[in-house]
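**Q** Okay, here's the structure, questions in a sec.
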Amino acid sequence: MASAAEQLAQSINWSSFSKADELKKRIWFTLGALVIYRLGTYIPLPGINPEAYSTAFNGQSQGILGLFNMFSGGAVSRMAIFALAIMPYISASIIIQLLTTVVPQLEALKKEGEQGRKIMNQYTRYLTVVLATAQAWGIAIGLEGGQGIVLAPGLFFKISTTITLVGGTMFLLWLGEQITSRGIGNGTSLIIQAGIVAEFPAHLGQMLDLARTGGMSPLTLLLSVVVAIAVVLAIVFFERAQRRLLIQYPKRQVGNRLYEGQSSHLPLKLNTSGVIPPIFASSLLLLPTTAAAFVAQSNPNSWLANVSIYLNHGKPLFMVLYAILIVFFCFFYTAIVFNPTETADNLKKHGGFIPGIRPGENTAKFIDYVLTRITVVGAIYIALVCMVPEIQNYLVPSIPFVLGGTSLLITVSVSMDTLAQIHGHLLAHQYEGLVRKTKLRGSRR
């Protein structure tokens, strides 16, 4: 069965894309949904003075606001209705996953299969509304605290801003679900990627303008492009890397028939945690830094002013703490999303075993040992990739921060997943065509 599937996958002709009408409809639907998302990032909140807000944002663009602006596709810099993007949903998903390890009821739902997954998704949406409401209310209060940003401060502005931002987040969540079901899949990931990619031309134009006006040497520009290409190649290599553990299944007899033993593989990704570690690490470091910067503006001589200086992008202390937090979250999140004991129990139930390893507890210990070793490599890889823009920012502060690290990691990873989805649709289309041809030949006979 596996060999037949591999032969079919190898025989896929990408020219058959023109005949895959269903796939083309999905792609057009996805593009249309992403266009709607991009339009929403340019619709500003009512009651905002754009010039005053732009001035205030530029003073804090290197803090947590800059990170949120990257994930929202520039919506934060314009304070648009999609300023929160789907970050509350990502936070809610992570919190629910964390709770499954300590709340027995949630752990039981996780083991109930599709029905349990639907209930947990519903809990995630409820928590998304709560988090989005809290963040939107905080944004409204923060906007009123700015000089001349809000045209008519008051309770009505807070309520209207909160409803608008929460509504924007929930609309994006719904749009992502539609892309997943009616488009090419990976709805929420594609929305994040679209926001990041949309900012690339502006930053590339900024770099070219700096090179033209003498603010950046042509050699520096060339090296930046070469480094970005090298980072992309490294991400592609490491994201595809995996350790495949051989799984053997013994012979079994069903009635009078004896089936031969089969073998398969348990793939363990080098980077099991994905892009969560740099996002968490950035948030933890930039949140207190941004708060300190606000305090430092009113009291430049306070100790918080020094904190905001030493914990800025490109500073040695920031880079050290950033790398440590990334490594920590790589191990922490991997331990949450992958349970070696549960995997070993499932293998034992289905009669599978790793050659040379006893089923049960010994298998769980072996899987945990292998997973820990490859996570070390994965954590180093993620830390190095995310440190590239920090080093660039330290050596050449004029290089846009978005050209490396988390932005490239998300862009490349989502692009690879999207291509895999398209390849899967083409594979299914060609398989259906082969089935129809086989049936037609059989009817003629």
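By order in the structure tokens, chains are A, B, ...; within a chain, residues start at 1; ligands start at 1, following the order shown.
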Which residues are close to A:Thr220, i.e. within 9 Å by only C-alpha atoms, leaving aside same-chain residues fewer than 4 positions away? Reply as a list in words.

**A**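 Non-adjacent residues within range: Ala211, Met216, Ser224, Val225 and Val396 of chain A.
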
**Q** Using the selection just defined, write its residues with all heavy atoms as a short mmCIF file (atom, residue, chain, number, x, y, z; two decimals), in the first residue's frame.

**A**
data_model
loop_
_atom_site.label_atom_id
_atom_site.label_comp_id
_atom_site.auth_asym_id
_atom_site.auth_seq_id
_atom_site.Cartn_x
_atom_site.Cartn_y
_atom_site.Cartn_z
N ALA A 211 20.46 52.49 0.74
CA ALA A 211 21.66 52.26 -0.08
C ALA A 211 21.83 53.35 -1.12
O ALA A 211 22.96 53.75 -1.44
CB ALA A 211 21.56 50.90 -0.76
N MET A 216 23.34 53.27 3.84
CA MET A 216 23.80 51.90 3.93
C MET A 216 24.68 51.62 2.72
O MET A 216 24.33 51.99 1.59
CB MET A 216 22.60 50.93 3.95
CG MET A 216 22.99 49.45 3.99
SD MET A 216 21.56 48.37 3.75
CE MET A 216 20.50 48.86 5.11
N SER A 224 23.18 41.55 3.48
CA SER A 224 21.87 41.34 4.10
C SER A 224 21.02 40.39 3.27
O SER A 224 20.35 39.50 3.82
CB SER A 224 21.15 42.68 4.27
OG SER A 224 21.90 43.56 5.09
N VAL A 225 21.04 40.58 1.95
CA VAL A 225 20.29 39.70 1.07
C VAL A 225 20.83 38.28 1.13
O VAL A 225 20.08 37.30 1.19
CB VAL A 225 20.30 40.24 -0.37
CG1 VAL A 225 19.62 39.25 -1.33
CG2 VAL A 225 19.62 41.60 -0.44
N VAL A 396 24.41 46.81 12.23
CA VAL A 396 23.88 47.84 11.33
C VAL A 396 22.45 48.15 11.77
O VAL A 396 21.51 47.48 11.34
CB VAL A 396 23.90 47.38 9.85
CG1 VAL A 396 23.49 48.52 8.93
CG2 VAL A 396 25.28 46.86 9.47
#

**Q** Based on DSSP run over this structure's backbone, return all residues of stretch 139-248 of chain A in strand (DSSP E), as a PyMOL selection string.

**A** chain A and resi 242-248

**Q** Using only C-alpha atoms, which residues sit within 10 Å of A:Ser189 once same-chain residues fewer than 4 positions away are excluded, as a list of chain:residue names?

**A**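 My list of contacting residues is A:Ile86, A:Gly176, A:Thr180, A:Gly185, A:Gln193, A:Ala194, A:Ile410, A:Thr411, A:Ser413, A:Val414, A:Ser415, A:Asp417, A:Thr418.
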
**Q** Here is a test: counting only C-alpha atoms, which residue of A:Phe280, A:Gly142, A:Ile149, A:Phe82 is nearest to A:Thr55?

**A**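 The shortest atom-to-atom distance to A:Thr55 comes from A:Ile149.
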
**Q** Could you check how far atom CA of A:Arg243 sits from atom CA of A:Thr375, in Å to one decimal?

**A** 10.7 Å

**Q** So that I can check the surroundings of stretch 161-163 of chain A, please list as an MDAnalysis selection string every protein, DNA and RNA residue that reaches within 9 Å of it, counting only C-alpha atoms and ignoring chain neighbours fewer than 6 positions away.

**A** chainID A and resid 45:47 81 132:140

**Q** For A:Thr188, which residue among A:Ile95, A:Leu221, A:Leu427, A:Ile90 is the nearest when counting only C-alpha atoms?

**A**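 Closest to A:Thr188, using only C-alpha atoms: A:Ile90.
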
**Q** Write down as an MDAnalysis selection string the residues belonging to stretch 95-257 of chain A that are assigned alpha helix (DSSP H) by DSSP computed on the backbone.

**A** chainID A and resid 95:99 104:110 114:145 155:182 187:213 218:240

**Q** Give the answer as one residue: which of A:Leu190, A:Ile94, A:Leu173, A:Ile36 has the shortest atom-to-atom distance to A:Pro277, using only C-alpha atoms?

**A** A:Ile94

**Q** Let me make sure I understand: among A:Leu99, A:Val327, A:Val337, A:Ile191, which one has the smallest atom-to-atom distance to A:Met87 if we use only C-alpha atoms?

**A**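 Smallest separation from A:Met87 among the options: A:Ile191.
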
**Q** Suppose you want the space between atom CA of A:Ile374 and atom CA of A:Val236; what is it in Å?

**A** 16.6 Å
